[in-house]
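Peer 1: This is the structure I want to talk about, given as structure tokens.
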Amino acid sequence: MIYNQQVEHFLPVLPKRLPLCDSRIFTHLRPYRKNLGSKPQLSPMDLTEKIRTIPLQPGVYLYKNAEGEVIYVGKAKNLRARVRSYFQEGVGEANAKTGSLLREAVDVEYIVVANNKEALALENNLIKQKKPRFNILLRDDKSYPYIKLTLGERYPRVYVTRRLRKDGSNYYGPYFPGNLAYRIVDLIHRSFLIPSCKVDLTRYHLRPCLQFYIKRCLGPCVQDLTTPEIYREAVHDVQLLLEGRQPDLVKSLRVRMDEAAIQQEYERAARYRDMLSTVAQLQEKQRIAAAEGDDQDVFGYHFENDMLAVNVFHMRGGKILDRREFFWEELPEIAAPVLASDETSEINGVELSSSPSFHPGEFFSALMKQVYIDQQYVPRDILAPVDFEDRTELEELLSEKRGSKVEILVPQRGEKRSLIDLAAQNAKQSFDQRFRVMKPQAKAVQEALQDALGLPEIPKRIECFDISHIQGAETVASMVVWEDGKMNKNEYRKFIVRTVTGVDDFASMREVVTRRYKRLRDEDKTFPSLVLVDGGLGQLHAAAQSLEELGITNQPLAAIAKKEEIIYVLGQEDDPVVLERHSPVLHLVQMVRDESHRFAVTFHRKRRQMRDRKSELLEIPGVGERTRQRLLQHFGSVRAVQQADAAALGAVLTKPQAEAVLKHFQKVQ
């Protein structure tokens with residue numbers, strides 16, 4: 001039930017039995033947002049009066065500023081007690097950030113739910129949707145990758161993805177470490193010939209892309225290259241592989257191999273034999289990794305100078321398979337919830353450690369919810385360095401999600417505490433590397449770039465494009481190259497845009513990208529690990545259109561927007577990559593982008609200077625186009641003409657013309 005005075009009349013439009021933690025609730029409320037936001041703001045006196053009407057039940061509360069923006073989202077077992085506690089005498093002075101919240105807040109809304117578990121889920125949903133600045137936000141909230149098999153398509157394809165959607169596809173994973181998913185998808189390309197391309201497979205095309213010719217795709221994009229039956233068989237094999245049903249897959253492959261051999265189709269039999277070898281290798285790797293032990297996530301942190309680093313160890317089968325890092329350059333203005341009279345500063349006998357600017361218990365309460373509530377997979381044990389207020393409720397919620405018991409443990413001694421200490425030591429190392437300006441190794445940055453952008457391989461070469469002009473005049477483009485850790489200036493290229501008139505950056509980008517990669521394709525040269533364009537979604541899609549028209553469908557492509565410094569990756573535009581401003585990966589992308597911009601602007605400036613200088617001679621009385629050409633051919637440049645004396649000019653011009661040129665440049669000087 002929603003008891004908020006502003007939204008209680010919306011109850012009839014909400015579907016019955018729709019959980020309040022379900023994001024669909026906002027879809028149903030969307031038509032009414034105009035009314036919701038148009039209510040006059042409350043004065044401090046009115047706000048105090050409104051708090052008295054808040055119920056005593058569990059729920060979520062939202063503070064708003066004068067512009068109607070949500071600036072803080074919190075949850076409480078007792079809504080009235082929690083919200084009222086913010087306005088107790090001396091609270092603002094005791095906690096500066098809470099005081100800052102109270103100075104900005106002019107309205108409060110609330111949603112009542114059935115229990116504290118629903119409040120946890122709804123609070124997490126609202127924080128991720130509204131992004132209030134007084135809450136802790138998990139900005140690099142990148143989950144581990146899954147493998148997506150698009151069974152809803154005519155010809156299913158296989159992708160690596162980090163976002164689960166209800167789109168009729170099958171999702172497998174998550175995979176630890178993250179590059180395992182990419183290795184498996186690469187294996188599927190090579191052995192089962194199911195592609196990851198973005199070609200429109202609802203219709204046939206004139207010719208297949210490169211992947212067909214290098215035997216990594218069955219070619220469903222061109223009529224008669226394959227049949228629906230052969231393609232369905234390959235998709236079924238991929239399903240068996242991803243579902244872990246290797247014995248069934250091996251049995252099926254052996255039968256088909258024997259049948260092909262009997263029919264003397266030896267090439268097809270050899271392909272089935274290679275598939276069997278691939279499956280056997282994968283089984284052996286899985287057997288090695290399947291040691292006895294528990295599935296655990298271990299958290300450790302290091303806080304210093306209002307900056308924070310958190311490390312998470314992912315242990316599966318008793319082994320540490322991967323490590324994940326989170327950073328906060330400056331902690332948000334967290335408005336710490338004030339403990340109501342019926343709450344205590346100790347939880348299960350453990351006092352919450354805190355400092356004037358950092359409260360570990362509050363921080364890990366927010367972090368754990370944002371990491372796990374929306375995750376598909378939750379480990380059996382989560383080891384936390386500190387206890388926090390709603391640990392028990394979060395355990396219950398995650399246990400329901402997993403379908404078996406999940407424990408969030410706060411060990412004080414023993415082997416599990418040693419694991420937390422080890423995670424904390426690694427967090428300290430991460431802190432030093434990120435915030436003490438220790439230059440990371442080039443390979444580490446490349447690996448981080450691969451993971452951040454979801455590239456199929458470690459990037460060895462990046463080609464970056466930028467367009468430069470002034471109101472459509474003298475439009476040029478640049479391409480700079482980053483290769484093996486440094487800029488390779490010998491590979492830089494300049495482009496004069498020929499087919500575009502006026503201001504049209506998108507058309508200019510299409511022309512330049514087409515010219516560059518048509519040449520690479522025709523000369524059969526190696527393509528870069530990543531094509532980067534300076535701009536937003538428009539430039540990204542312009543470049544993608546050019547590549548698709550050339551039949552180049554699997555080229556990694558990204559764009560970086562200037563102001564927001566958001567990276568858009570082709571194929572996942574709805575989920576842009578947002579990196580912290582101290583991230584070495586962001587610094588690398590910015591460096592390449594800035595170099596491309598510098599190179600383009602320099603080239604454009606030279607072109608403009610040449611145009612201006614050439615046109616300057618035409619301003620001299622008696623000097624026409626042919627005379628200008630004779631002067632430039634004889635002297636080589638406008639500067640040389642300017643420095644010539646009467647005798648030198650007389651060798652090319654008539655006496656009146658020479659006197660006019662001398663007079664013109666004397667005025668300029």
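Following the order of the structure tokens, first chain is A, next is B, and so on, with residues numbered from 1 inside each chain and ligands from 1 in the order they appear.
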Enumerate the residues of region 429-529 of chain A with a DSSP assignment of strand (DSSP E or B), computed from the backbone, and present them as a count of residues only.
Peer 2: 27
Peer 1: Within 7 Å of region 217-222 of chain A, counting only C-alpha atoms, which residues show up once you throw out same-chain ones fewer than 5 positions away? Write them as an MDAnalysis selection string, please.
Peer 2: chainID A and resid 189 193:195 201 204:208 211:212
Peer 1: Can you write out the residues you just picked, keeping C-alpha atoms, as a PDB file, in the first residue's frame?
Peer 2:
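Output below, filename part_21.pdb:
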```pdb
ATOM      1  CA  HIS A 189      32.464 -18.920 -32.845  1.00  0.00           C
ATOM      2  CA  LEU A 193      30.037 -21.171 -36.028  1.00  0.00           C
ATOM      3  CA  ILE A 194      27.288 -19.249 -34.202  1.00  0.00           C
ATOM      4  CA  PRO A 195      28.093 -15.514 -34.598  1.00  0.00           C
ATOM      5  CA  LEU A 201      19.238 -11.435 -39.952  1.00  0.00           C
ATOM      6  CA  TYR A 204      19.083 -11.786 -46.683  1.00  0.00           C
ATOM      7  CA  HIS A 205      22.108  -9.738 -47.800  1.00  0.00           C
ATOM      8  CA  LEU A 206      24.158  -9.781 -51.008  1.00  0.00           C
ATOM      9  CA  ARG A 207      27.364 -11.082 -49.448  1.00  0.00           C
ATOM     10  CA  PRO A 208      28.520 -12.404 -46.076  1.00  0.00           C
ATOM     11  CA  GLN A 211      33.485 -13.884 -40.178  1.00  0.00           C
ATOM     12  CA  PHE A 212      32.067 -16.317 -42.728  1.00  0.00           C
TER      13      PHE A 212
END
```
Peer 1: DSSP on the backbone: what in region 411-480 of chain A comes out helix (DSSP H, G or I), as an MDAnalysis selection string?
Peer 2: chainID A and resid 414:435 442:453
Peer 1: Quick one: residues within 8 Å of region 116-128 of chain A, only C-alpha atoms, excluding same-chain residues fewer than 6 positions away - as a VMD selection string?
Peer 2: chain A and resid 20 to 23 58 to 60 73 to 77 135 137 369 to 370 373 393 to 394 396 to 397
Peer 1: List the spatial neighbours of Leu453 (chain A) as a PyMOL selection string - criterion: any atom at most 7 Å away, only C-alpha atoms, same-chain residues fewer than 3 positions off excluded.
Peer 2: chain A and resi 449-450+569
